[in-house]
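S.K.: Take a look at the following structure, please.
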Amino acid sequence: MADSAAPRPTVLVTGAGGRTGHIVYNKLKERSEQFVARGLVRSEESKQKIGGADDVYIADIRDADRLAPAVQGADALIILTSAVPKMKPGFDPSKGGRPEFYYEDGMYPEQVDWIGQKNQIDAAKAAGVKHIVLVGSMGGTNPNHPLNSLGNGNILVWKRKAEQYLADSGVPYTIIRPGGLQDKDGGVRELIVGKDDELLQTDTKSIPRADVAEVCVQALQYEEAKFKAFDLASKPEGVGTPTKDFRALFSQITARF
């Protein structure tokens, strides 16, 4: 008897070697009855770190030509790549002051968060990908946000440029801008959506990475998540009711950017 169920969508998650990307990759793998998972990492070392499976591709997102094999035949793309500032050595917290940060050569936000994300969006569009979920960051409405001064990278400026490029691409999209990321358990907090960085003026402006990852996967499953952009945070554990109805969560959002 022919299987009448729709074929499982193939989902590529980039930045799969990163902390949030790895969680998304694992969630897709765990739900193999729903999704065919693929990961993209930038090195063999990262590939081995997340299990070394055949569904993990290696490519430098700054090199547009290298992305085609990973997105070929994919139905959806979840973008979790990001430039990462490094702390300059020699910082002594006992002496007060603040640590200084830098980006490695060629790994500035302009190259990673703008060019690298633009390359992914272009490659996905060319391959016929039908939905792109992009994880950005809260704070992008404020050019003077302190994160922009880290290593003189203007990271939120470049992230926002990539978000705008995606919104203008014509591909159905979901742009998720989480608050401060926490390494805590997911699924036990009430999630809050907002817009235009309004949540940054409140006490609820952080969220576990695992909850961000869950929202990425849930966004693939609901039409209500498409052509939407939103800030994402959580209430403290034990306050409110843990979010289980993601359609209702996405339905609260009206902003397209």
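By order of appearance in the structure tokens: chains A, B, ..., then residues from 1 within every chain, and ligands from 1 in the order shown.
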If you run DSSP on the backbone, which residues of segment 100-196 of chain A are strand (DSSP E), as a count of residues only?
M.R.: 20
S.K.: Which residues of segment 165-197 of chain A come within 6 Å of segment 232-236 of chain A, and for each one, what is the closest pair of atoms and their distance in Å to one decimal, counting only C-alpha atoms, sorted by chain and residue number, as a Markdown table?
M.R.:
| residue | atom | partner | partner_atom | distance |
| --- | --- | --- | --- | --- |
| A:Arg177 | CA | A:Leu232 | CA | 5.8 |
| A:Pro178 | CA | A:Leu232 | CA | 4.5 |
| A:Gly179 | CA | A:Ala233 | CA | 5.7 |
| A:Glu190 | CA | A:Lys235 | CA | 5.5 |
| A:Leu191 | CA | A:Ser234 | CA | 4.3 |
| A:Ile192 | CA | A:Ala233 | CA | 5.2 |
| A:Val193 | CA | A:Leu232 | CA | 4.8 |
S.K.: Could you take the residues named above and write them with N, CA and C atoms, as a short mmCIF file (atom, residue, chain, number, x, y, z; two decimals), in the first residue's frame?
M.R.:
data_model
loop_
_atom_site.label_atom_id
_atom_site.label_comp_id
_atom_site.auth_asym_id
_atom_site.auth_seq_id
_atom_site.Cartn_x
_atom_site.Cartn_y
_atom_site.Cartn_z
N ARG A 177 14.55 36.76 17.05
CA ARG A 177 15.58 37.59 17.68
C ARG A 177 15.54 37.34 19.19
N PRO A 178 16.31 36.35 19.66
CA PRO A 178 16.27 36.05 21.09
C PRO A 178 17.00 37.08 21.92
N GLY A 179 16.64 37.11 23.20
CA GLY A 179 17.39 37.91 24.17
C GLY A 179 18.64 37.15 24.59
N GLU A 190 7.53 29.78 30.31
CA GLU A 190 6.57 30.44 29.43
C GLU A 190 7.35 31.39 28.52
N LEU A 191 7.16 31.24 27.23
CA LEU A 191 7.89 32.06 26.26
C LEU A 191 7.09 33.32 25.95
N ILE A 192 7.82 34.38 25.68
CA ILE A 192 7.21 35.68 25.41
C ILE A 192 7.73 36.18 24.06
N VAL A 193 6.83 36.66 23.22
CA VAL A 193 7.26 37.27 21.96
C VAL A 193 7.00 38.78 22.04
#
S.K.: Go through segment 22-98 of chain A and collect every residue that DSSP, computed from the backbone, puts in alpha helix (DSSP H); the answer should be as an MDAnalysis selection string.
M.R.: chainID A and resid 22:30 44:49 68:71
S.K.: Output N, CA and C atoms for every residue in that selection, as a PDB file, in the first residue's frame.
M.R.:
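Written file, again_33.pdb:
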ATOM      1  N   HIS A  22      23.723  23.129  17.512  1.00  0.00           N
ATOM      2  CA  HIS A  22      23.861  21.716  17.856  1.00  0.00           C
ATOM      3  C   HIS A  22      22.567  21.184  18.462  1.00  0.00           C
ATOM      4  N   ILE A  23      21.922  21.999  19.310  1.00  0.00           N
ATOM      5  CA  ILE A  23      20.650  21.582  19.913  1.00  0.00           C
ATOM      6  C   ILE A  23      19.588  21.417  18.823  1.00  0.00           C
ATOM      7  N   VAL A  24      19.539  22.350  17.872  1.00  0.00           N
ATOM      8  CA  VAL A  24      18.558  22.239  16.782  1.00  0.00           C
ATOM      9  C   VAL A  24      18.806  20.972  15.969  1.00  0.00           C
ATOM     10  N   TYR A  25      20.061  20.733  15.614  1.00  0.00           N
ATOM     11  CA  TYR A  25      20.423  19.529  14.851  1.00  0.00           C
ATOM     12  C   TYR A  25      19.962  18.272  15.593  1.00  0.00           C
ATOM     13  N   ASN A  26      20.223  18.216  16.892  1.00  0.00           N
ATOM     14  CA  ASN A  26      19.815  17.047  17.671  1.00  0.00           C
ATOM     15  C   ASN A  26      18.301  16.894  17.740  1.00  0.00           C
ATOM     16  N   LYS A  27      17.587  18.000  17.870  1.00  0.00           N
ATOM     17  CA  LYS A  27      16.120  17.935  17.900  1.00  0.00           C
ATOM     18  C   LYS A  27      15.574  17.378  16.580  1.00  0.00           C
ATOM     19  N   LEU A  28      16.148  17.817  15.463  1.00  0.00           N
ATOM     20  CA  LEU A  28      15.697  17.317  14.155  1.00  0.00           C
ATOM     21  C   LEU A  28      15.983  15.828  14.026  1.00  0.00           C
ATOM     22  N   LYS A  29      17.158  15.412  14.510  1.00  0.00           N
ATOM     23  CA  LYS A  29      17.526  13.987  14.450  1.00  0.00           C
ATOM     24  C   LYS A  29      16.594  13.142  15.317  1.00  0.00           C
ATOM     25  N   GLU A  30      16.255  13.671  16.489  1.00  0.00           N
ATOM     26  CA  GLU A  30      15.366  12.938  17.400  1.00  0.00           C
ATOM     27  C   GLU A  30      13.964  12.784  16.814  1.00  0.00           C
ATOM     28  N   GLU A  44      36.208  19.757   9.829  1.00  0.00           N
ATOM     29  CA  GLU A  44      36.107  18.327  10.147  1.00  0.00           C
ATOM     30  C   GLU A  44      36.042  18.131  11.667  1.00  0.00           C
ATOM     31  N   GLU A  45      36.766  18.969  12.387  1.00  0.00           N
ATOM     32  CA  GLU A  45      36.774  18.896  13.850  1.00  0.00           C
ATOM     33  C   GLU A  45      35.362  19.114  14.413  1.00  0.00           C
ATOM     34  N   SER A  46      34.669  20.138  13.888  1.00  0.00           N
ATOM     35  CA  SER A  46      33.296  20.410  14.326  1.00  0.00           C
ATOM     36  C   SER A  46      32.371  19.262  13.953  1.00  0.00           C
ATOM     37  N   LYS A  47      32.596  18.698  12.766  1.00  0.00           N
ATOM     38  CA  LYS A  47      31.755  17.577  12.326  1.00  0.00           C
ATOM     39  C   LYS A  47      31.879  16.411  13.297  1.00  0.00           C
ATOM     40  N   GLN A  48      33.090  16.070  13.685  1.00  0.00           N
ATOM     41  CA  GLN A  48      33.302  14.959  14.609  1.00  0.00           C
ATOM     42  C   GLN A  48      32.706  15.271  15.987  1.00  0.00           C
ATOM     43  N   LYS A  49      32.785  16.542  16.375  1.00  0.00           N
ATOM     44  CA  LYS A  49      32.287  16.953  17.684  1.00  0.00           C
ATOM     45  C   LYS A  49      30.783  16.699  17.822  1.00  0.00           C
ATOM     46  N   ALA A  68      26.343  25.077  -2.169  1.00  0.00           N
ATOM     47  CA  ALA A  68      25.327  24.414  -2.999  1.00  0.00           C
ATOM     48  C   ALA A  68      25.041  22.965  -2.602  1.00  0.00           C
ATOM     49  N   PRO A  69      26.063  22.103  -2.375  1.00  0.00           N
ATOM     50  CA  PRO A  69      25.745  20.702  -2.059  1.00  0.00           C
ATOM     51  C   PRO A  69      24.895  20.546  -0.796  1.00  0.00           C
ATOM     52  N   ALA A  70      25.143  21.371   0.199  1.00  0.00           N
ATOM     53  CA  ALA A  70      24.423  21.239   1.471  1.00  0.00           C
ATOM     54  C   ALA A  70      22.950  21.601   1.331  1.00  0.00           C
ATOM     55  N   VAL A  71      22.657  22.617   0.497  1.00  0.00           N
ATOM     56  CA  VAL A  71      21.250  23.056   0.375  1.00  0.00           C
ATOM     57  C   VAL A  71      20.505  22.336  -0.743  1.00  0.00           C
TER      58      VAL A  71
END
S.K.: Segment 125-139 of chain A: which residues within 7 Å, counting only C-alpha atoms, same-chain residues fewer than 5 positions away excluded, as a PyMOL selection string?
M.R.: chain A and resi 71-80+145+156+159+171-179+197+216+231
S.K.: Residues of segment 111-184 of chain A that approach segment 10-20 of chain A to 9 Å or less, counting only C-alpha atoms: could you list each one with the shortest pair of atoms and its distance in Å to one decimal, rows by chain and increasing residue number, as a Markdown table?
M.R.:
| residue | atom | partner | partner_atom | distance |
| --- | --- | --- | --- | --- |
| A:Gln120 | CA | A:Thr14 | CA | 8.8 |
| A:Leu181 | CA | A:Thr20 | CA | 8.9 |
| A:Asp183 | CA | A:Arg19 | CA | 8.8 |
S.K.: If we count only C-alpha atoms and set the cut-off at 7 Å, which residues sit around segment 95-107 of chain A, ignoring sequence neighbours fewer than 3 positions away in its own chain? Please answer as a compact mmCIF listing (two decimals) with all heavy atoms, in the first residue's frame.
M.R.:
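As written to disk, part_16.txt reads:
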# COMPACT_ATOMS: atom_id res chain seq x y z
N ALA A 83 29.25 35.26 14.03
CA ALA A 83 30.61 35.61 14.44
C ALA A 83 30.69 35.53 15.96
O ALA A 83 29.72 35.81 16.66
CB ALA A 83 30.95 37.03 13.98
N VAL A 84 31.85 35.12 16.47
CA VAL A 84 32.02 34.97 17.91
C VAL A 84 33.22 35.79 18.37
O VAL A 84 34.36 35.51 17.99
CB VAL A 84 32.23 33.49 18.30
CG1 VAL A 84 32.39 33.36 19.81
CG2 VAL A 84 31.07 32.63 17.81
N PRO A 85 32.98 36.82 19.20
CA PRO A 85 34.12 37.60 19.70
C PRO A 85 34.94 36.78 20.70
O PRO A 85 34.39 35.97 21.44
CB PRO A 85 33.46 38.79 20.39
CG PRO A 85 32.08 38.34 20.74
CD PRO A 85 31.69 37.29 19.74
N LYS A 86 36.24 36.97 20.66
CA LYS A 86 37.12 36.27 21.60
C LYS A 86 37.70 37.30 22.58
O LYS A 86 37.91 38.46 22.22
CB LYS A 86 38.26 35.60 20.82
CG LYS A 86 37.76 34.50 19.88
CD LYS A 86 38.93 33.66 19.42
CE LYS A 86 38.55 32.50 18.55
NZ LYS A 86 37.56 31.57 19.05
N MET A 87 37.96 36.83 23.80
CA MET A 87 38.51 37.73 24.81
C MET A 87 40.02 37.84 24.65
O MET A 87 40.70 36.84 24.49
CB MET A 87 38.17 37.21 26.21
CG MET A 87 38.34 38.26 27.29
SD MET A 87 38.15 37.61 28.97
CE MET A 87 36.44 37.12 28.97
N LYS A 88 40.53 39.07 24.68
CA LYS A 88 41.99 39.25 24.62
C LYS A 88 42.62 38.66 25.86
O LYS A 88 42.10 38.83 26.97
CB LYS A 88 42.34 40.74 24.51
CG LYS A 88 42.06 41.33 23.14
CD LYS A 88 42.58 42.75 23.02
CE LYS A 88 42.31 43.29 21.62
NZ LYS A 88 42.51 44.74 21.54
N PHE A 91 43.45 39.43 30.72
CA PHE A 91 42.48 40.16 31.55
C PHE A 91 42.49 39.61 32.97
O PHE A 91 42.41 38.41 33.19
CB PHE A 91 41.08 40.05 30.95
CG PHE A 91 40.01 40.64 31.83
CD1 PHE A 91 40.00 42.00 32.10
CD2 PHE A 91 39.03 39.83 32.40
CE1 PHE A 91 39.01 42.55 32.93
CE2 PHE A 91 38.04 40.38 33.22
CZ PHE A 91 38.04 41.74 33.48
N ASP A 92 42.60 40.51 33.95
CA ASP A 92 42.61 40.10 35.35
C ASP A 92 41.41 40.73 36.05
O ASP A 92 41.41 41.93 36.33
CB ASP A 92 43.92 40.57 36.01
CG ASP A 92 44.00 40.16 37.47
OD1 ASP A 92 43.00 39.62 38.00
OD2 ASP A 92 45.05 40.40 38.09
N GLN A 111 31.79 39.77 7.69
CA GLN A 111 32.05 38.61 6.82
C GLN A 111 31.17 37.43 7.17
O GLN A 111 30.73 36.69 6.28
CB GLN A 111 33.53 38.20 6.95
CG GLN A 111 34.45 39.23 6.32
CD GLN A 111 35.64 39.58 7.22
OE1 GLN A 111 35.59 39.48 8.44
NE2 GLN A 111 36.72 40.00 6.60
N VAL A 112 30.89 37.23 8.47
CA VAL A 112 30.15 36.04 8.91
C VAL A 112 28.65 36.31 8.94
O VAL A 112 27.86 35.57 8.36
CB VAL A 112 30.65 35.58 10.29
CG1 VAL A 112 29.86 34.38 10.79
CG2 VAL A 112 32.14 35.24 10.23
N LEU A 150 31.92 45.57 20.80
CA LEU A 150 32.85 44.45 21.02
C LEU A 150 33.72 44.26 19.79
O LEU A 150 33.22 43.99 18.70
CB LEU A 150 32.10 43.15 21.29
CG LEU A 150 31.37 42.98 22.63
CD1 LEU A 150 30.83 41.58 22.74
CD2 LEU A 150 32.28 43.29 23.80
N GLY A 151 35.02 44.39 19.97
CA GLY A 151 35.93 44.20 18.84
C GLY A 151 35.65 45.11 17.66
O GLY A 151 36.04 44.82 16.54
S.K.: Let me make sure I understand: among A:Gln252, A:Asn154, A:Thr243, A:Gln218, which one has the smallest atom-to-atom distance to Phe230 of chain A if we use only C-alpha atoms?
M.R.: A:Gln252
S.K.: Tell me, in Å to one decimal, how far atom CA of Glu224 of chain A is from atom CA of Ala248 of chain A.
M.R.: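 About the pair atom CA of Glu224 of chain A and atom CA of Ala248 of chain A: they are 8.6 Å apart.
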